[in-house]
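Shown next, in structure tokens, is the structure this report addresses.
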Amino acid sequence: MSFVKFCTDNKIPFKKDEMMCNHTSFKIGGKADYFVECQSFDCLKAVISAAKSCGLDYFILGKGSNLLVSDKGIRGVVISLCGLDDISVTGESITVGAGMSLAKLCTVAFENSLTGLEFAYGIPGSVGGALYMNAGAYGGEMSQAVISATVLDKNSEIKEVPLESMKLSYRTSIFKTNGDIILSVKFLLKKGEKTEIKAKMDDFMSRRKDKQPLEYSSAGSTFKRPEGYFAGALIEKNGFKGVSVGGAMVSQKHAGFVINYNNATASDVLALMEKIKTTVLENDGVILEPEVIFVGEE
Ligand SMILES: Cc1cc2nc3c(=O)[nH]c(=O)nc-3n(C[C@H](O)[C@H](O)[C@H](O)COP(=O)(O)OP(=O)(O)OC[C@H]3O[C@@H](n4cnc5c(N)ncnc54)[C@H](O)[C@@H]3O)c2cc1C
């Protein structure tokens with residue numbers, strides 16, 4: 001059966017040749033062969049099984065805020081999980097669907113006087129993407145607040161994964177290698193003072209607005225923090241602020257961000273990243289590793 005017939009027969013809405021620039025914070029990326037938004041675990045299971053039986057690859061998309069998608073696009077099926085956004089609060093714990101935005105999750109925590117997620121307010125990702133990346137900021141990271149996750153594993157089994165098995169460390173997790181799809185995440189927080197929680201969230205947000213080029217499209221920090229250094233400081237020291245390739249530019253405001261300054265392509269961004277990496281290695285002997293994930297046809 002073709003993938004199109006599967007979706008049509010099962011009344012699963014899909015798009016063909018969907019431009020990925022509409023689904024990434026960089027506003028870069030060519031066509032995905034198929035694009036499906038799953039609203040339920042069952043839909044996700046069925047779409048994956050159909051993709052497999054049609055010999056198609058699939059890619060799980062959160063909010064697209066850490067991605068550089070190829071200009072040639074993505075072959076196979078892109079599955080957006082933004083529809084998995086149930087949330088429930090029980091005492092000091094919150095269980096939330098992987099597709100929920102971190103901003104919304106932080107707001108719910110605040111409304112329930114729960115502290116421990118303030119750091120995540122302002123990170124423009126989904127809960128699933130944030131766990132996959134072990135996203136963090138201002139001294140906090142996902143590993144400090146998560147206790148378990150429900151995942152769909154490679155054998156299409158739904159299982160619980162406790163924090164200890166997630167191998168969360170700086171911008172990485174076991175999910176980067178084991179292919180598990182995060183369906184929902186359980187957080188354990190603490191009771192706090194609403195005014196203090198709000199003050200922290202506002203402080204972190206205003207620091208972002210001051211320091212980061214939020215007026216431009218980007219995927220956040222382009223490179224990971226190398227041990228003992230700050231990527232932005234190394235890039236700035238090497239004179240890259242304002243340097244561009246095509247429409248991609250190193251932000252004048254924060255050298256750690258490559259921005260889509262003027263209709264940049266993925267090739268522009270990659271070429272600029274390569275220039276930065278080569279120069280920093282030559283001049284400082286430091287290897288810069290991308291934090292942004294490149295996806296799609298090379
Ligand atoms: C302006 C700006 C500021 C940022 N600031 C920060 C910051 O302070 N700290 C920080 O850590 N990051 C930051 N980021 C980067 C980004 O927001 C985070 O990495 C975020 O966690 C990515 O989540 P996402 O939902 O957008 O994931 P996506 O970009 O959609 O995907 C990232 C990876 O996660 C995988 N993935 C997504 N959802 C799932 C799932 N449910 N199951 C399995 N795999 C999944 C995808 O396949 C992909 O490989 C920033 C980005 C921007 C644009």
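Naming works like this for the structure tokens: A, B, ... for the chains as they're shown, residue 1 at the start of each chain, ligands 1 onward in shown order.
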
At most 6 Å from ligand 1 (only C-alpha atoms and all ligand atoms): residue list as an MDAnalysis selection string: chainID A and resid 25 59:67 98 123:126 128:130 132:133 135:137 181:183 214 218:220

Spatial neighbours of region 159-174 of chain A, max dist 10 Å, only C-alpha atoms, sep filter under 4 positions, as a ChimeraX atom specification: /A:130-136,141-153,178-180,182-186,224-225,291

Which residue of A:Ala120, A:Val245, A:Cys7, A:Cys38 approaches Asp85 (chain A) most closely, using only C-alpha atoms: A:Cys38

Every residue of region 73-188 of chain A that DSSP places in helix (DSSP H, G or I), as a ChimeraX atom specification: /A:102-111,118-120,127-133,142-144,163-165,175-178

Hey, what's within 10 Å of Glu215 (chain A) if we count only C-alpha atoms and toss same-chain stuff fewer than 4 positions away? As a JSON list (two decimals) with N, CA and C atoms, in the first residue's frame, please?
```
[["chain", "number", "residue", "atom", "x", "y", "z"],
["A", 209, "LYS", "N", 16.08, 38.82, 26.07],
["A", 209, "LYS", "CA", 15.77, 39.91, 25.14],
["A", 209, "LYS", "C", 16.95, 40.87, 25.01],
["A", 259, "ILE", "N", 22.36, 33.94, 12.42],
["A", 259, "ILE", "CA", 20.97, 34.34, 12.17],
["A", 259, "ILE", "C", 20.65, 34.26, 10.67],
["A", 261, "TYR", "N", 19.62, 36.30, 8.23],
["A", 261, "TYR", "CA", 19.58, 37.77, 8.10],
["A", 261, "TYR", "C", 18.76, 38.19, 6.89]]
```

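Each of A:Thr115, A:Ser70, A:Ser49, A:Thr195 was checked against Ile293 (chain A) using only C-alpha atoms; the smallest atom-to-atom distance is that of A:Ser70.
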
Distance criterion (only C-alpha atoms): nearest to Val96 (chain A) out of A:Ile158, A:Leu288, A:Met20, A:Leu188: A:Leu188

For Phe257 (chain A), please output as a JSON list (two decimals) with C-alpha atoms, in the first residue's frame all residues within 12 Å (counting only C-alpha atoms; exclusion window: fewer than 5 positions along the same chain).
```
[["chain", "number", "residue", "atom", "x", "y", "z"],
["A", 26, "PHE", "CA", 15.51, 29.36, 11.31],
["A", 66, "ASN", "CA", 17.13, 23.50, 17.06],
["A", 211, "LYS", "CA", 21.46, 39.52, 24.96],
["A", 212, "GLN", "CA", 19.95, 37.46, 22.15],
["A", 213, "PRO", "CA", 19.02, 38.49, 18.60],
["A", 214, "LEU", "CA", 15.39, 37.46, 19.04],
["A", 215, "GLU", "CA", 14.32, 39.83, 16.27],
["A", 216, "TYR", "CA", 15.92, 37.48, 13.72],
["A", 217, "SER", "CA", 15.23, 33.86, 12.83],
["A", 218, "SER", "CA", 17.78, 31.44, 14.23],
["A", 219, "ALA", "CA", 18.12, 28.08, 15.93],
["A", 220, "GLY", "CA", 19.63, 29.49, 19.12],
["A", 221, "SER", "CA", 23.27, 28.80, 19.97],
["A", 222, "THR", "CA", 24.92, 27.51, 16.83],
["A", 223, "PHE", "CA", 27.72, 25.65, 18.61],
["A", 224, "LYS", "CA", 27.92, 23.83, 21.93],
["A", 231, "ALA", "CA", 31.62, 29.54, 21.90],
["A", 232, "GLY", "CA", 30.27, 33.09, 21.48],
["A", 233, "ALA", "CA", 33.39, 34.67, 23.02],
["A", 235, "ILE", "CA", 33.71, 33.51, 17.69],
["A", 236, "GLU", "CA", 33.67, 37.20, 18.62],
["A", 240, "PHE", "CA", 33.13, 37.10, 13.17],
["A", 241, "LYS", "CA", 30.45, 39.45, 14.50],
["A", 242, "GLY", "CA", 28.53, 40.69, 11.45],
["A", 243, "VAL", "CA", 30.36, 38.33, 9.06],
["A", 244, "SER", "CA", 27.99, 36.79, 6.53],
["A", 248, "ALA", "CA", 23.39, 33.95, 6.94],
["A", 249, "MET", "CA", 25.22, 36.19, 9.39],
["A", 250, "VAL", "CA", 26.92, 35.95, 12.76],
["A", 251, "SER", "CA", 24.73, 38.13, 14.95],
["A", 252, "GLN", "CA", 26.17, 41.53, 15.86],
["A", 269, "VAL", "CA", 24.59, 28.63, 7.22],
["A", 272, "LEU", "CA", 29.51, 30.14, 7.59],
["A", 273, "MET", "CA", 29.70, 27.49, 10.32],
["A", 276, "ILE", "CA", 34.01, 29.72, 11.97],
["A", 290, "PRO", "CA", 27.45, 22.18, 16.33],
["A", 291, "GLU", "CA", 24.55, 22.35, 18.78],
["A", 292, "VAL", "CA", 22.17, 22.90, 15.87]]
```

Counting only C-alpha atoms, the option among A:Lys104, A:Gly246, A:Asp210, A:Glu37 closest to Asn263 (chain A): A:Gly246

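A straight line drawn from CA of Asn112 (chain A) to CA of Glu92 (chain A) is 8.7 Å long.
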
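With only C-alpha atoms as the basis for measurement, A:Val69 is the residue among A:Val89, A:Val69, A:Ile74, A:Leu81 that approaches Thr24 (chain A) most closely.
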
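Nearest residue to Asn10 (chain A), choosing from A:Val295, A:Val47, A:Leu68, A:Ile94 and counting only C-alpha atoms: A:Val47.
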
Shell of 12 Å around Lys237 (chain A), only C-alpha atoms, local chain residues under 5 positions omitted, as an MDAnalysis selection string: chainID A and resid 229:232 254:256 276 279:280 283:284

Just write the chosen residues, C-alpha atoms, as a JSON list (two decimals), in the first residue's frame.
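Dumped everything to part_31.json:
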```
[["chain", "number", "residue", "atom", "x", "y", "z"],
["A", 229, "TYR", "CA", 35.43, 28.28, 26.83],
["A", 230, "PHE", "CA", 32.34, 30.09, 25.59],
["A", 231, "ALA", "CA", 31.62, 29.54, 21.90],
["A", 232, "GLY", "CA", 30.27, 33.09, 21.48],
["A", 254, "HIS", "CA", 25.55, 37.78, 20.22],
["A", 255, "ALA", "CA", 28.30, 35.99, 18.29],
["A", 256, "GLY", "CA", 27.02, 32.61, 19.50],
["A", 276, "ILE", "CA", 34.01, 29.72, 11.97],
["A", 279, "THR", "CA", 39.28, 29.73, 12.05],
["A", 280, "VAL", "CA", 38.67, 28.96, 15.72],
["A", 283, "ASN", "CA", 43.73, 30.34, 16.01],
["A", 284, "ASP", "CA", 42.66, 28.87, 19.33]]
```

Members of region 30-273 of chain A assigned strand (DSSP E) by DSSP, as a ChimeraX atom specification: /A:31-37,58-61,67-69,74-80,87-90,93-97,114-115,136-137,140-141,146-152,158-162,181-188,190-191,217-221,244-245,248-250,257-260

Surrounding residues of Tyr58 (chain A) excluding itself and chain neighbours under 3 positions, 12 Å, only C-alpha atoms, as an NGL selection string: :A and (3 or 32-36 or 44-45 or 47-55 or 61 or 74-80 or 179 or 181 or 295-296)

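What separates CA of Ser267 (chain A) from CA of Pro226 (chain A) is a distance of 23.9 Å.
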